[in-house]
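What follows is a short report on a single structure.
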Amino acid sequence: MAWTRKILRVDLTNGTCKSEPLNMKLAQEYLGQRGLATKYFVDEVDPKVDPLSPANKLIMATGPLTGTPASTGGRYSVITKGALTGAIACSNSGGYFGAEMKFAGWDMIIFEGKSPKPVYLSVEDDKAELRDASHLWGKTVWQTEEIIKKSHQDPQVRVCSIGRSGENGVLYACIVNDLHRAAGRSGVGTVMGSKNLKAVALRGTRGVAGMKDAKAFMKAATAAKQVLKDNAVTGQGLPAFGTQVLMNVINEMGALPTRNHRDVQFESARKISAEAMAEKRPTDGKSNLVTNAACFGCTIACGRVSKIDATHFSVVNKPEYWGATGGLEYEAAWALGAANGVGDLEALTFANMICNEDGYDPISFGATVGAAMELYDLGILTKEQIGMDAPFGSAEALCKLAEMTARGEGFGKELGLGSKRLCAKYGKPELSMSVKGQEFPAYDSRGIQGMGLTYATSNRGACHLRSYTVASEVLGIPVKTDPLVTEGKADLVKAFQDATSVFDSAGVCVFTTFAWTLADLQPQLDAACEGDWTMEKLALVGERIWNMERQFNNAAGFTAKDDDLPPRLKTEPAKTGPAKGLVSGIDKMRPEYYKVRGWDANGVPTKETLSRLGL
Amino acid sequence: MKVALKLYATLSDYLPAEARQTNRLDLEVEPGTTPAMMIERYALPQKLCHLVLIDGVFVPPGMRATRTLEEGEVLAIWPPVAGG
């Protein structure tokens with residue numbers, strides 16, 4: 001069975017762990033992971049709930065292909081109401097934790113209530129118990145994992161945890177597993193911290209058995225792996241250069257948000273790119289990039305492993321940071337770099353390590369630093385308030401602020417609230433580059449118009465991973481579209497959103513979609529999962545998930561006004577590059593999108609749409 | 001006339017050594033030079049010339065032999081790449 005058919009329900013208030021059967025009727029309608037866990041969540045949680053109250057729940061969920069031999073089949077997601085956004089949150093992570101959950105025999109773990117004292121959940125196959133975590137509170141992610149593995153006397157225990165940022169109320173805290181893979185966005189780690197839940201330690205020994213048709217599954221999985229291997233992007237480009245190869249592409253296209261979106265091209269983009277990571281440094285003759293790495297079952301291996309320059313100012317006399325560790329991905333490099341005008345690759349590497357070590361989202365952190373630097377530039381924030389000079393481009397400020405945010409010190413506490421709250425506090429709410437309170441990723445909506453609609457309508461706040469139209473608008477996958485026009489983008493965004501909902505619910509990585517379409521995923525799901533999983537059914541499941549998330553947000557109080565971009569992107573034209581003179585066409589695309597979605601003018605799904613989707 | 005050629009990722013290897021640190025080569029070319037002519041001149045494998053931009057604007061495969069470079073333009077080429 002692709003599903004284990006078991007859920008672990010953990011009542012943190014009363015300290016109990018109970019097994020219950022998975023609702024297989026819902027599994028047929030929502031597949032798994034993002035879709036199925038969100039269905040459980042919206043059925044059990046009041047949309048108006050305070051994200052940081054005990055009444056909010058947090059679900060860690062695998063997909064039916066998690067733990068199987070399907071390529072990239074190691075994913076799990078965390079579903080909750082986001083601390084940063086107040087919207088539905090679903091953060092997806094790789095590494096090895098998700099597969100281990102499946103091996104232990106669980107499809108998902110539902111956490112409810114709040115523990116009276118710090119605890120962690122220990123799971124060894126069927127045996128699940130809450131254990132005291134007083135000795136772990138105040139520890140970093142890296143320390144926590146090491147201590148748990150030692151105390152369990154088992155190096156193969158898989159751990160996810162929050163760092164100090166999740167304890168200190170940083171609203172974009174992550175849940176980090178396997179040291180540097182993270183359920184990264186929307187503050188899912190903050191919710192975990194609010195429940196006094198420090199970590200989850202998993203050990204599973206069962207593997208995944210009972211496929212509907214094991215032979216057919218292996219045949220389909222093998223064929224799909226060949227597609228990934230033969231594809232130039234997933235077979236060669238991503239393993240060699242990682243996502244960071246986009247830095248120069250997006251800069252050349254004039255869509256690299258720079259200095260809090262004041263500019264769309266960064267003069268130092270090359271210095272922080274994949275090409276720069278692979279070059280030998282003049283200081284020590286070694287490159288920043290050590291090697292690539294793969295998550296469980298992945299045949300792409302896009303991950304970066306880096307070593308920082310030990311002579312860099314950020315790590316002088318800090319040998320604990322000199323070893324090989326998770327390196328810069330494109331989003332982190334952009335947010336910590338171009339968004340602040342910082343062109344120092346080693347400084348970005350350090351700040352990224354701090355984000356991993358103490359578990360907070362480098363996108364929201366970096367973008368919030370960018371907003372603070374603009375407030376400093378305008379004279380609204382002073383050296384005394386920040387605790388240092390913080391002009392655009394200051395690598396020193398970036399590194400110090402990263403450490404202060406991790407520890408909840410000084411101005412770091414204000415940065416930890418995100419750009420929306422920071423800019424509002426200092427009377428410039430328009431300077432927060434965010435949607436629904438969540439900061440933009442690394443694509444400017446003026447130079448890639450479809451991404452503006454993607455951000456505005458993303459159910460978890462601004463996000464590139466809900467509909468990555470960059471694939472089409474920039475890279476020509478599956479077909480090339482013009483990034484500078486709004487025509488056709490409503491249909492494009494809907495198609496990407498619905499398909500991505502399926503991939504996120506299956507247990508595989510969305511990066512497979514650079515080579516796979518639903519037609520490559522469908523035979524794997526159909527062979528693995530009981531029931532009849534046709535292309536038509538999968539398309540319907542994807543659209544159903546998207547609308548379910550939308551309904552939760554609408555009930556939580558979001559309206560069409562929240563499907564919008566900051567005024568800068570609608571009134572300040574791009575200054576350079578192909579998009580010079582352009583602003584975002586979001587106001588034109590939004591009503592077209594609502595129509596394509598079958599929603600009314602207020603962004604509410606019509607009765608006909610809900611009926612068609614079985615909602 | 002002066003133009004610039006930028007080659008990235010694995011295509012960087014096709015640049016002279018001194019240009020690899022910047023991925024950029026400034027050149028004098030004859031008027032009428034097209035991306036296809038540049039690709040041939042630098043012996044770039046056709047299948048690696050996936051993303052071809054002139055001043056950041058995509059040049060479809062069907063126009064690479066007809067779109068001529070103008071004074072000061074930048075031709076940038078990548079193999080198949082993606083990110084997220």
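In the structure tokens, the first chain shown is A, the next is B, and so on; residue numbers restart at 1 for each chain, and ligands run from 1 in the order shown.
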Report task. Specify as an MDAnalysis selection string all residues of chain B found within 12 Å of chain A, counting only C-alpha atoms. Result -> chainID B and resid 6:13 20:24 47:61 73:84
**Report entry** Non-local contacts of stretch 342-347 of chain A (10 Å; only C-alpha atoms; under 2 positions in same chain excluded) as a VMD selection string
**Finding:** chain A and resid 258 to 259 266 to 273 276 to 277 288 307 to 315 328 333 to 340 349 to 353 370 391 to 399
Write the selection just made, keeping N, CA and C atoms, as a short mmCIF file (atom, residue, chain, number, x, y, z; two decimals), in the first residue's frame?
```cif
data_model
loop_
_atom_site.label_atom_id
_atom_site.label_comp_id
_atom_site.auth_asym_id
_atom_site.auth_seq_id
_atom_site.Cartn_x
_atom_site.Cartn_y
_atom_site.Cartn_z
N THR A 258 16.30 43.89 -6.71
CA THR A 258 17.54 44.37 -6.09
C THR A 258 17.24 45.56 -5.19
N ARG A 259 17.89 45.55 -4.01
CA ARG A 259 17.71 46.62 -3.03
C ARG A 259 16.23 46.89 -2.77
N PHE A 266 21.20 43.54 -10.66
CA PHE A 266 22.19 43.71 -9.60
C PHE A 266 23.57 43.66 -10.21
N GLU A 267 24.33 44.72 -9.99
CA GLU A 267 25.65 44.83 -10.62
C GLU A 267 26.62 43.74 -10.15
N SER A 268 26.35 43.14 -9.00
CA SER A 268 27.25 42.10 -8.47
C SER A 268 26.63 40.71 -8.57
N ALA A 269 25.65 40.54 -9.43
CA ALA A 269 24.97 39.24 -9.52
C ALA A 269 25.96 38.11 -9.79
N ARG A 270 26.90 38.35 -10.69
CA ARG A 270 27.82 37.27 -11.02
C ARG A 270 28.65 36.81 -9.82
N LYS A 271 28.96 37.76 -8.95
CA LYS A 271 29.80 37.44 -7.78
C LYS A 271 29.11 36.48 -6.81
N ILE A 272 27.79 36.37 -6.90
CA ILE A 272 27.06 35.52 -5.95
C ILE A 272 26.35 34.38 -6.70
N SER A 273 26.83 34.06 -7.89
CA SER A 273 26.14 33.10 -8.76
C SER A 273 26.74 31.70 -8.63
N ALA A 276 30.30 31.64 -9.75
CA ALA A 276 31.25 32.11 -8.73
C ALA A 276 31.48 31.05 -7.66
N MET A 277 30.43 30.31 -7.30
CA MET A 277 30.58 29.27 -6.28
C MET A 277 31.57 28.18 -6.72
N ASN A 288 34.03 27.66 -3.19
CA ASN A 288 32.94 27.66 -2.20
C ASN A 288 32.16 26.35 -2.29
N LYS A 307 31.82 24.97 1.53
CA LYS A 307 32.73 25.30 2.64
C LYS A 307 33.03 26.79 2.54
N ILE A 308 32.86 27.46 3.66
CA ILE A 308 33.13 28.89 3.67
C ILE A 308 34.62 29.15 3.72
N ASP A 309 35.03 30.30 3.25
CA ASP A 309 36.41 30.73 3.34
C ASP A 309 36.72 31.01 4.82
N ALA A 310 37.61 30.21 5.39
CA ALA A 310 37.86 30.32 6.83
C ALA A 310 38.50 31.65 7.22
N THR A 311 38.99 32.41 6.22
CA THR A 311 39.59 33.71 6.54
C THR A 311 38.56 34.84 6.43
N HIS A 312 37.34 34.51 6.04
CA HIS A 312 36.33 35.56 5.90
C HIS A 312 35.99 36.16 7.25
N PHE A 313 35.71 37.46 7.27
CA PHE A 313 35.50 38.14 8.56
C PHE A 313 34.38 37.51 9.40
N SER A 314 33.39 36.92 8.71
CA SER A 314 32.23 36.39 9.44
C SER A 314 32.57 35.17 10.29
N VAL A 315 33.65 34.46 9.96
CA VAL A 315 33.94 33.20 10.67
C VAL A 315 35.35 33.16 11.28
N LEU A 328 24.46 27.54 -0.64
CA LEU A 328 23.45 28.49 -1.11
C LEU A 328 22.63 27.92 -2.27
N ALA A 333 20.45 32.82 -1.91
CA ALA A 333 21.50 33.72 -2.41
C ALA A 333 20.91 35.05 -2.86
N TRP A 334 19.74 34.98 -3.48
CA TRP A 334 19.10 36.23 -3.89
C TRP A 334 18.66 37.06 -2.67
N ALA A 335 17.96 36.42 -1.75
CA ALA A 335 17.38 37.16 -0.63
C ALA A 335 18.45 37.75 0.27
N LEU A 336 19.52 36.98 0.50
CA LEU A 336 20.58 37.47 1.36
C LEU A 336 21.51 38.40 0.60
N GLY A 337 21.47 38.33 -0.73
CA GLY A 337 22.39 39.10 -1.56
C GLY A 337 21.74 40.26 -2.29
N ALA A 338 21.19 39.97 -3.46
CA ALA A 338 20.67 41.05 -4.31
C ALA A 338 19.60 41.88 -3.60
N ALA A 339 18.76 41.24 -2.81
CA ALA A 339 17.68 41.97 -2.13
C ALA A 339 18.22 43.05 -1.21
N ASN A 340 19.48 42.86 -0.76
CA ASN A 340 20.12 43.85 0.12
C ASN A 340 21.27 44.58 -0.56
N THR A 349 27.03 33.01 2.35
CA THR A 349 27.19 31.63 2.81
C THR A 349 27.07 31.56 4.33
N PHE A 350 27.68 32.53 5.00
CA PHE A 350 27.59 32.56 6.47
C PHE A 350 26.15 32.79 6.93
N ALA A 351 25.51 33.80 6.38
CA ALA A 351 24.13 34.09 6.80
C ALA A 351 23.23 32.89 6.53
N ASN A 352 23.47 32.21 5.43
CA ASN A 352 22.67 31.03 5.10
C ASN A 352 22.91 29.91 6.12
N MET A 353 24.14 29.77 6.57
CA MET A 353 24.43 28.77 7.60
C MET A 353 23.69 29.09 8.89
N GLY A 370 16.39 43.72 3.64
CA GLY A 370 16.32 44.68 2.53
C GLY A 370 15.39 45.84 2.85
N PRO A 391 23.69 50.30 5.63
CA PRO A 391 23.35 50.74 4.26
C PRO A 391 23.19 49.53 3.35
N PHE A 392 22.50 49.73 2.23
CA PHE A 392 22.45 48.68 1.22
C PHE A 392 23.89 48.25 0.89
N GLY A 393 24.09 46.97 0.77
CA GLY A 393 25.40 46.47 0.37
C GLY A 393 26.30 46.10 1.53
N SER A 394 25.87 46.32 2.76
CA SER A 394 26.75 46.04 3.90
C SER A 394 26.73 44.56 4.27
N ALA A 395 27.81 43.86 3.92
CA ALA A 395 27.92 42.45 4.29
C ALA A 395 28.07 42.31 5.80
N GLU A 396 28.75 43.27 6.42
CA GLU A 396 28.92 43.20 7.87
C GLU A 396 27.57 43.27 8.57
N ALA A 397 26.72 44.18 8.13
CA ALA A 397 25.39 44.31 8.75
C ALA A 397 24.59 43.03 8.54
N LEU A 398 24.63 42.48 7.34
CA LEU A 398 23.88 41.26 7.06
C LEU A 398 24.27 40.14 8.03
N CYS A 399 25.58 39.94 8.19
CA CYS A 399 26.05 38.83 9.04
C CYS A 399 25.68 39.07 10.51
#
```
Using DSSP on the backbone, list every residue of stretch 367-495 of chain A that comes out as alpha helix (DSSP H), and give them as a compact mmCIF listing (two decimals) with N, CA and C atoms, in the first residue's frame.
```txt
# COMPACT_ATOMS: atom_id res chain seq x y z
N ALA A 367 14.77 39.40 2.77
CA ALA A 367 13.90 40.47 2.25
C ALA A 367 13.57 41.48 3.34
N THR A 368 13.47 41.01 4.57
CA THR A 368 13.19 41.94 5.67
C THR A 368 14.40 42.82 5.95
N VAL A 369 15.60 42.25 5.84
CA VAL A 369 16.81 43.07 5.96
C VAL A 369 16.82 44.12 4.84
N GLY A 370 16.39 43.72 3.64
CA GLY A 370 16.32 44.68 2.53
C GLY A 370 15.39 45.84 2.85
N ALA A 371 14.25 45.54 3.47
CA ALA A 371 13.32 46.60 3.85
C ALA A 371 13.94 47.49 4.92
N ALA A 372 14.64 46.88 5.88
CA ALA A 372 15.29 47.67 6.94
C ALA A 372 16.37 48.57 6.36
N MET A 373 17.11 48.05 5.38
CA MET A 373 18.15 48.86 4.76
C MET A 373 17.55 50.04 3.99
N GLU A 374 16.38 49.84 3.41
CA GLU A 374 15.73 50.97 2.74
C GLU A 374 15.25 51.99 3.78
N LEU A 375 14.72 51.51 4.89
CA LEU A 375 14.30 52.44 5.96
C LEU A 375 15.51 53.20 6.50
N TYR A 376 16.66 52.53 6.56
CA TYR A 376 17.89 53.19 7.00
C TYR A 376 18.31 54.22 5.96
N ASP A 377 18.22 53.84 4.71
CA ASP A 377 18.60 54.75 3.62
C ASP A 377 17.74 56.01 3.61
N LYS A 383 21.29 54.39 12.98
CA LYS A 383 22.36 53.50 13.44
C LYS A 383 22.10 53.05 14.88
N GLU A 384 21.61 53.96 15.69
CA GLU A 384 21.36 53.64 17.09
C GLU A 384 20.24 52.61 17.22
N GLN A 385 19.21 52.75 16.42
CA GLN A 385 18.08 51.81 16.50
C GLN A 385 18.49 50.41 16.05
N ILE A 386 19.25 50.36 14.96
CA ILE A 386 19.64 49.05 14.42
C ILE A 386 20.81 48.47 15.20
N ALA A 395 27.81 43.86 3.92
CA ALA A 395 27.92 42.45 4.29
C ALA A 395 28.07 42.31 5.80
N GLU A 396 28.75 43.27 6.42
CA GLU A 396 28.92 43.20 7.87
C GLU A 396 27.57 43.27 8.57
N ALA A 397 26.72 44.18 8.13
CA ALA A 397 25.39 44.31 8.75
C ALA A 397 24.59 43.03 8.54
N LEU A 398 24.63 42.48 7.34
CA LEU A 398 23.88 41.26 7.06
C LEU A 398 24.27 40.14 8.03
N CYS A 399 25.58 39.94 8.19
CA CYS A 399 26.05 38.83 9.04
C CYS A 399 25.68 39.07 10.51
N LYS A 400 25.86 40.28 10.98
CA LYS A 400 25.51 40.58 12.38
C LYS A 400 24.01 40.42 12.61
N LEU A 401 23.24 40.93 11.68
CA LEU A 401 21.78 40.86 11.85
C LEU A 401 21.28 39.42 11.80
N ALA A 402 21.95 38.58 11.03
CA ALA A 402 21.57 37.16 10.99
C ALA A 402 21.75 36.54 12.37
N GLU A 403 22.88 36.81 12.99
CA GLU A 403 23.12 36.25 14.33
C GLU A 403 22.17 36.84 15.36
N MET A 404 21.89 38.13 15.26
CA MET A 404 20.99 38.77 16.22
C MET A 404 19.56 38.25 16.09
N THR A 405 19.15 37.95 14.86
CA THR A 405 17.80 37.42 14.64
C THR A 405 17.71 36.00 15.20
N ALA A 406 18.76 35.22 14.99
CA ALA A 406 18.77 33.84 15.50
C ALA A 406 18.62 33.83 17.01
N ARG A 407 19.29 34.77 17.66
CA ARG A 407 19.31 34.77 19.12
C ARG A 407 18.21 35.63 19.74
N PHE A 411 17.88 44.57 17.62
CA PHE A 411 17.06 44.81 16.44
C PHE A 411 16.68 43.51 15.74
N GLY A 412 17.39 42.45 16.05
CA GLY A 412 17.05 41.15 15.49
C GLY A 412 15.62 40.74 15.85
N LYS A 413 15.14 41.19 17.01
CA LYS A 413 13.75 40.88 17.39
C LYS A 413 12.77 41.52 16.42
N GLU A 414 13.08 42.73 15.99
CA GLU A 414 12.18 43.42 15.06
C GLU A 414 12.25 42.79 13.67
N LEU A 415 13.46 42.41 13.26
CA LEU A 415 13.59 41.73 11.96
C LEU A 415 12.82 40.41 11.97
N GLY A 418 9.26 40.06 10.45
CA GLY A 418 9.00 40.13 9.01
C GLY A 418 8.81 41.56 8.53
N SER A 419 8.87 41.74 7.22
CA SER A 419 8.88 43.09 6.65
C SER A 419 7.55 43.81 6.79
N LYS A 420 6.44 43.06 6.76
CA LYS A 420 5.13 43.71 6.84
C LYS A 420 4.98 44.45 8.16
N ARG A 421 5.29 43.77 9.25
CA ARG A 421 5.15 44.38 10.56
C ARG A 421 6.22 45.45 10.79
N LEU A 422 7.43 45.19 10.30
CA LEU A 422 8.52 46.15 10.47
C LEU A 422 8.19 47.47 9.76
N CYS A 423 7.78 47.37 8.50
CA CYS A 423 7.50 48.58 7.72
C CYS A 423 6.28 49.32 8.26
N ALA A 424 5.29 48.57 8.73
CA ALA A 424 4.11 49.21 9.31
C ALA A 424 4.49 49.97 10.57
N LYS A 425 5.34 49.38 11.39
CA LYS A 425 5.74 50.02 12.65
C LYS A 425 6.41 51.35 12.39
N GLN A 449 5.87 38.69 -15.78
CA GLN A 449 4.51 39.10 -15.40
C GLN A 449 3.71 37.97 -14.74
N GLY A 450 3.91 36.76 -15.21
CA GLY A 450 3.15 35.66 -14.63
C GLY A 450 3.46 35.44 -13.16
N MET A 451 4.67 35.77 -12.76
CA MET A 451 5.02 35.59 -11.35
C MET A 451 4.29 36.60 -10.46
N GLY A 452 3.95 37.74 -11.01
CA GLY A 452 3.15 38.69 -10.22
C GLY A 452 1.80 38.10 -9.86
N LEU A 453 1.17 37.45 -10.83
CA LEU A 453 -0.12 36.80 -10.56
C LEU A 453 0.08 35.59 -9.64
N THR A 454 1.19 34.89 -9.84
CA THR A 454 1.51 33.77 -8.95
C THR A 454 1.60 34.22 -7.50
N TYR A 455 2.35 35.28 -7.27
CA TYR A 455 2.52 35.80 -5.90
C TYR A 455 1.18 36.27 -5.33
N ALA A 456 0.47 37.04 -6.12
CA ALA A 456 -0.76 37.67 -5.62
C ALA A 456 -1.80 36.63 -5.21
N THR A 457 -1.83 35.52 -5.92
CA THR A 457 -2.90 34.54 -5.68
C THR A 457 -2.42 33.31 -4.91
N VAL A 470 8.02 30.71 -14.12
CA VAL A 470 9.37 30.96 -14.64
C VAL A 470 9.76 29.85 -15.62
N ALA A 471 9.34 28.64 -15.29
CA ALA A 471 9.67 27.52 -16.17
C ALA A 471 9.24 27.81 -17.60
N SER A 472 8.06 28.34 -17.77
CA SER A 472 7.56 28.65 -19.10
C SER A 472 8.07 30.00 -19.60
N GLU A 473 7.96 31.03 -18.76
CA GLU A 473 8.25 32.39 -19.22
C GLU A 473 9.74 32.63 -19.46
N LYS A 489 -1.63 34.63 -19.10
CA LYS A 489 -1.00 34.27 -17.83
C LYS A 489 -2.01 33.72 -16.82
N ALA A 490 -3.25 34.12 -16.90
CA ALA A 490 -4.25 33.58 -15.98
C ALA A 490 -4.39 32.07 -16.18
N ASP A 491 -4.47 31.65 -17.42
CA ASP A 491 -4.57 30.21 -17.70
C ASP A 491 -3.27 29.50 -17.30
N LEU A 492 -2.15 30.14 -17.59
CA LEU A 492 -0.85 29.53 -17.28
C LEU A 492 -0.70 29.32 -15.77
N VAL A 493 -1.04 30.34 -15.01
CA VAL A 493 -0.90 30.25 -13.55
C VAL A 493 -1.83 29.17 -12.99
N LYS A 494 -3.06 29.15 -13.45
CA LYS A 494 -3.99 28.12 -12.96
C LYS A 494 -3.45 26.72 -13.26
N ALA A 495 -2.95 26.53 -14.48
CA ALA A 495 -2.45 25.21 -14.85
C ALA A 495 -1.28 24.79 -13.96
```
Report task. Would you please extract all strand (DSSP E or B) residues from chain B, as assigned by DSSP on the backbone, and give them as an MDAnalysis selection string? Result -> chainID B and resid 2:7 24:28 51:54 57:58 74:78
**Report entry** Polymer residues at most 12 Å from A:Thr500, only C-alpha atoms, same-chain spacing of 6 or more positions, as a count of residues only
**Finding:** 32
Query raised in the report: Got a sec: who's within 12 Å of B:Arg41, counting only C-alpha atoms, leaving out chain neighbours fewer than 6 positions off, as a PyMOL selection string?
Result: chain B and resi 5+14-15+29+33-35
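In this model, the gap between atom CA of A:Met101 and atom CA of A:Ala27 comes to 17.6 Å.
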Considering only C-alpha atoms, return as a compact mmCIF listing (two decimals) with C-alpha atoms, in the first residue's frame whatever protein or nucleic-acid residues lie within 6 Å of B:Ala4, sequence-local ones (same chain, fewer than 4 positions apart) excluded.
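Okay, result_6.txt is ready:
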```
# COMPACT_ATOMS: atom_id res chain seq x y z
CA LEU B 25 33.97 38.64 -23.92
CA ASP B 26 33.91 42.04 -25.60
CA LEU B 27 34.24 41.73 -29.36
CA VAL B 74 24.96 41.69 -25.46
```
Report summary line: Between B:Pro31, B:Ala19, B:Gln46, B:Ile39, smallest distance to B:Glu70 by only C-alpha atoms belongs to B:Pro31
Query - Straight-line distance linking atom CA of A:Tyr120 with atom CA of A:Asp132, stated in Å to one decimal - result: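 Atom CA of A:Tyr120 sits 6.4 Å away from atom CA of A:Asp132.
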